[in-house]
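Engineer: Handing over work_27.pdb, PDB, C-alpha atoms, pLDDT in the B column.
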```pdb
ATOM      1  CA  VAL A1009      88.725  37.213 194.765  1.00 59.00           C
ATOM      2  CA  LEU A1010      87.392  36.034 191.420  1.00 65.00           C
ATOM      3  CA  TYR A1011      83.785  35.269 192.314  1.00 66.00           C
ATOM      4  CA  GLY A1012      83.024  37.255 195.450  1.00 65.00           C
ATOM      5  CA  PRO A1013      81.130  36.108 198.538  1.00 65.00           C
ATOM      6  CA  LYS A1014      78.414  34.314 196.600  1.00 71.00           C
ATOM      7  CA  TYR A1015      80.643  31.243 196.162  1.00 73.00           C
ATOM      8  CA  SER A1016      82.852  31.618 199.229  1.00 76.00           C
ATOM      9  CA  PRO A1017      82.149  29.054 201.975  1.00 83.00           C
ATOM     10  CA  THR A1018      83.661  31.410 204.559  1.00 80.00           C
ATOM     11  CA  ALA A1019      81.454  34.319 203.473  1.00 78.00           C
ATOM     12  CA  GLN A1020      78.390  32.084 203.533  1.00 82.00           C
ATOM     13  CA  LEU A1021      79.243  30.864 207.030  1.00 86.00           C
ATOM     14  CA  VAL A1022      79.775  34.399 208.323  1.00 80.00           C
ATOM     15  CA  ASN A1023      76.718  35.943 206.638  1.00 80.00           C
ATOM     16  CA  LYS A1024      74.232  33.140 207.286  1.00 84.00           C
ATOM     17  CA  VAL A1025      75.388  31.651 210.594  1.00 87.00           C
ATOM     18  CA  ILE A1026      77.843  33.708 212.648  1.00 85.00           C
ATOM     19  CA  ILE A1027      76.384  37.207 212.206  1.00 82.00           C
ATOM     20  CA  PRO A1028      72.761  36.154 212.881  1.00 85.00           C
ATOM     21  CA  LYS A1029      73.716  33.905 215.829  1.00 87.00           C
ATOM     22  CA  LEU A1030      75.876  36.546 217.519  1.00 85.00           C
ATOM     23  CA  ASN A1031      73.451  39.344 216.599  1.00 82.00           C
ATOM     24  CA  ILE A1032      76.298  41.455 215.216  1.00 76.00           C
ATOM     25  CA  SER A1033      75.351  44.705 213.528  1.00 75.00           C
ATOM     26  CA  TYR A1034      77.132  45.425 210.291  1.00 70.00           C
ATOM     27  CA  LYS A1035      76.839  47.411 207.103  1.00 70.00           C
ATOM     28  CA  PRO A1036      77.628  45.452 203.941  1.00 71.00           C
ATOM     29  CA  THR A1037      80.308  46.943 201.697  1.00 74.00           C
ATOM     30  CA  PRO A1038      80.037  46.865 197.902  1.00 79.00           C
ATOM     31  CA  GLY A1039      82.008  44.047 196.288  1.00 82.00           C
ATOM     32  CA  PRO A1040      84.519  45.844 194.028  1.00 86.00           C
ATOM     33  CA  PRO A1041      86.450  47.614 196.820  1.00 88.00           C
ATOM     34  CA  LYS A1042      86.651  44.428 198.867  1.00 86.00           C
ATOM     35  CA  ARG A1043      87.797  42.393 195.853  1.00 88.00           C
ATOM     36  CA  PHE A1044      90.424  45.062 195.165  1.00 91.00           C
ATOM     37  CA  ALA A1045      91.631  44.778 198.781  1.00 91.00           C
ATOM     38  CA  GLN A1046      91.654  40.970 198.552  1.00 90.00           C
ATOM     39  CA  THR A1047      93.706  41.146 195.366  1.00 92.00           C
ATOM     40  CA  ILE A1048      96.253  43.403 197.051  1.00 95.00           C
ATOM     41  CA  GLY A1049      96.420  40.931 199.962  1.00 94.00           C
ATOM     42  CA  LEU A1050      96.917  38.071 197.513  1.00 94.00           C
ATOM     43  CA  LEU A1051      99.758  39.959 195.800  1.00 96.00           C
ATOM     44  CA  PHE A1052     101.430  40.615 199.162  1.00 96.00           C
ATOM     45  CA  SER A1053     101.089  36.915 200.044  1.00 96.00           C
ATOM     46  CA  LEU A1054     102.576  35.788 196.733  1.00 97.00           C
ATOM     47  CA  THR A1055     105.395  38.307 197.109  1.00 97.00           C
ATOM     48  CA  ALA A1056     106.150  36.970 200.592  1.00 97.00           C
ATOM     49  CA  ILE A1057     106.230  33.390 199.276  1.00 97.00           C
ATOM     50  CA  LEU A1058     108.632  34.402 196.506  1.00 98.00           C
ATOM     51  CA  PHE A1059     110.886  36.196 198.996  1.00 98.00           C
ATOM     52  CA  LEU A1060     110.942  33.102 201.192  1.00 97.00           C
ATOM     53  CA  TYR A1061     111.594  30.792 198.247  1.00 98.00           C
ATOM     54  CA  PHE A1062     114.556  32.856 197.061  1.00 98.00           C
ATOM     55  CA  GLY A1063     115.982  33.235 200.567  1.00 97.00           C
ATOM     56  CA  PHE A1064     115.259  36.917 201.200  1.00 98.00           C
ATOM     57  CA  LEU A1065     114.232  36.394 204.821  1.00 97.00           C
ATOM     58  CA  PHE A1066     114.227  40.054 205.888  1.00 98.00           C
ATOM     59  CA  GLU A1067     112.030  41.028 202.913  1.00 98.00           C
ATOM     60  CA  TYR A1068     109.796  38.034 203.598  1.00 98.00           C
ATOM     61  CA  LYS A1069     109.282  39.064 207.223  1.00 97.00           C
ATOM     62  CA  LEU A1070     108.746  42.703 206.262  1.00 97.00           C
ATOM     63  CA  THR A1071     106.133  41.814 203.644  1.00 97.00           C
ATOM     64  CA  LEU A1072     104.271  39.565 206.075  1.00 96.00           C
ATOM     65  CA  SER A1073     104.464  42.245 208.765  1.00 97.00           C
ATOM     66  CA  ILE A1074     102.882  44.807 206.447  1.00 96.00           C
ATOM     67  CA  LEU A1075     100.180  42.316 205.487  1.00 96.00           C
ATOM     68  CA  ALA A1076      99.501  41.478 209.142  1.00 95.00           C
ATOM     69  CA  PHE A1077      99.357  45.172 210.076  1.00 97.00           C
ATOM     70  CA  PHE A1078      96.678  45.928 207.483  1.00 95.00           C
ATOM     71  CA  ALA A1079      94.762  42.759 208.409  1.00 93.00           C
ATOM     72  CA  PHE A1080      94.826  43.964 212.031  1.00 95.00           C
ATOM     73  CA  LEU A1081      93.458  47.360 210.989  1.00 93.00           C
ATOM     74  CA  GLU A1082      90.594  45.686 209.157  1.00 89.00           C
ATOM     75  CA  SER A1083      89.693  43.114 211.786  1.00 87.00           C
ATOM     76  CA  PHE A1084      90.041  45.173 214.956  1.00 89.00           C
ATOM     77  CA  LEU A1085      89.529  48.779 213.898  1.00 88.00           C
ATOM     78  CA  GLY A1086      87.282  48.338 210.869  1.00 84.00           C
ATOM     79  CA  PHE A1087      89.624  50.219 208.541  1.00 90.00           C
ATOM     80  CA  CYS A1088      90.007  48.644 205.106  1.00 91.00           C
ATOM     81  CA  ALA A1089      93.121  50.179 203.550  1.00 93.00           C
ATOM     82  CA  GLY A1090      92.384  48.560 200.181  1.00 91.00           C
ATOM     83  CA  CYS A1091      88.883  50.050 200.159  1.00 90.00           C
ATOM     84  CA  PHE A1092      90.339  53.421 201.130  1.00 92.00           C
ATOM     85  CA  VAL A1093      92.816  53.288 198.228  1.00 93.00           C
ATOM     86  CA  PHE A1094      90.030  52.079 195.899  1.00 92.00           C
ATOM     87  CA  SER A1095      87.919  55.143 196.768  1.00 89.00           C
ATOM     88  CA  TYR A1096      90.792  57.477 195.917  1.00 92.00           C
ATOM     89  CA  LEU A1097      91.480  55.640 192.661  1.00 92.00           C
ATOM     90  CA  MET A1098      87.825  56.250 191.764  1.00 90.00           C
ATOM     91  CA  LYS A1099      88.031  59.936 192.735  1.00 90.00           C
ATOM     92  CA  TRP A1100      91.157  60.377 190.605  1.00 92.00           C
ATOM     93  CA  GLY A1101      89.488  58.671 187.631  1.00 89.00           C
ATOM     94  CA  ILE A1102      91.880  55.713 187.524  1.00 92.00           C
ATOM     95  CA  ILE A1103      89.018  53.308 188.251  1.00 88.00           C
ATOM     96  CA  PRO A1104      85.915  54.237 186.213  1.00 88.00           C
ATOM     97  CA  GLU A1105      82.773  55.058 188.190  1.00 82.00           C
ATOM     98  CA  GLU A1106      80.874  52.374 186.248  1.00 82.00           C
ATOM     99  CA  ILE A1107      82.897  49.714 188.078  1.00 83.00           C
ATOM    100  CA  CYS A1108      81.126  50.506 191.317  1.00 79.00           C
ATOM    101  CA  GLU A1109      78.119  52.814 191.188  1.00 75.00           C
ATOM    102  CA  LYS A1110      77.308  51.932 194.817  1.00 68.00           C
ATOM    103  CA  CYS A1111      80.756  53.170 195.867  1.00 71.00           C
ATOM    104  CA  ASN A1112      80.345  56.770 194.750  1.00 63.00           C
ATOM    105  CA  ASN A1113      79.151  58.185 198.069  1.00 60.00           C
ATOM    106  CA  LEU A1114      80.766  55.798 200.501  1.00 58.00           C
ATOM    107  CA  ASN A1115      83.477  56.535 203.029  1.00 59.00           C
ATOM    108  CA  PHE A1116      85.721  53.481 203.346  1.00 53.00           C
ATOM    109  CA  SER A1117      87.831  54.840 206.168  1.00 49.00           C
ATOM    110  CA  LYS A1118      85.767  53.193 208.891  1.00 49.00           C
ATOM    111  CA  LYS A1119      83.053  50.546 209.226  1.00 47.00           C
ATOM    112  CA  GLU A1120      79.672  51.917 210.177  1.00 45.00           C
ATOM    113  CA  SER A1121      77.376  50.017 212.476  1.00 41.00           C
ATOM    114  CA  THR A1122      73.614  50.164 212.299  1.00 36.00           C
TER
END
```
I need this file expressed as structure tokens, please.
Structural biologist:
Amino acid sequence: VLYGPKYSPTAQLVNKVIIPKLNISYKPTPGPPKRFAQTIGLLFSLTAILFLYFGFLFEYKLTLSILAFFAFLESFLGFCAGCFVFSYLMKWGIIPEEICEKCNNLNFSKKEST
């Protein structure tokens, strides 16, 4: 979340080994929307841990279910809910356009393949 894919071992593995070996087509997404989505995922994870720690089992399961649902959307359908929300926050002026100039004309509702 803090440094992006440049320092992430997982991102390096995916971008330099898995994608080329499997010949998967993909379109890279600008970093700020993905970092925003990762931050939201981190907050959901921390919330779930706190619910579990304090014994709120129903809330814990609900929070993890929501997190799993959005992870499913991203991994199987190519829909990044965090990126989608990020684009609307930019349109509404809550996130300044300078944060992500590359994001101005992108549609984050669905991954595009080349």
Engineer: Please provide the set of residues having any atom within 10 Å of range 1047-1049 of chain A, restricted to all atoms listed in the file, with same-chain residues fewer than 6 positions apart removed, written as a list in words.
Structural biologist: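 Surrounding residues, per the criterion: Val1009, Leu1010, Pro1041, Thr1055, Ile1074, Leu1075, Ala1076, Phe1078, Ala1079, Ala1089 and Gly1090 of chain A.
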Engineer: Find the residue from A:Lys1029, A:Phe1044, A:Leu1081, A:Leu1021 that sits nearest to Ile1107 in chain A; use only C-alpha atoms when measuring.
Structural biologist: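 Comparing A:Lys1029, A:Phe1044, A:Leu1081, A:Leu1021 against Ile1107 in chain A, the winner is A:Phe1044.
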Engineer: Suppose a student applies the PyMOL selection byres ((chain A and resi 1093-1099) around 12) to this structure; what residues should they get, written as a PyMOL selection string?
Structural biologist: chain A and resi 1038-1048+1087-1092+1100-1117
Engineer: Quick one, how far is CA of Thr1018 in chain A from CA of Leu1085 in chain A?
Structural biologist: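 These two atoms are separated by 20.6 Å.
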Engineer: Could you tell me how far CA of Leu1050 in chain A sits from CA of Gly1086 in chain A, in Å to one decimal place?
Structural biologist: 19.4 Å
Engineer: Could you check how far CA of Lys1024 in chain A sits from CA of Ser1083 in chain A, in Å to one decimal?
Structural biologist: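 A separation of 18.9 Å between them.
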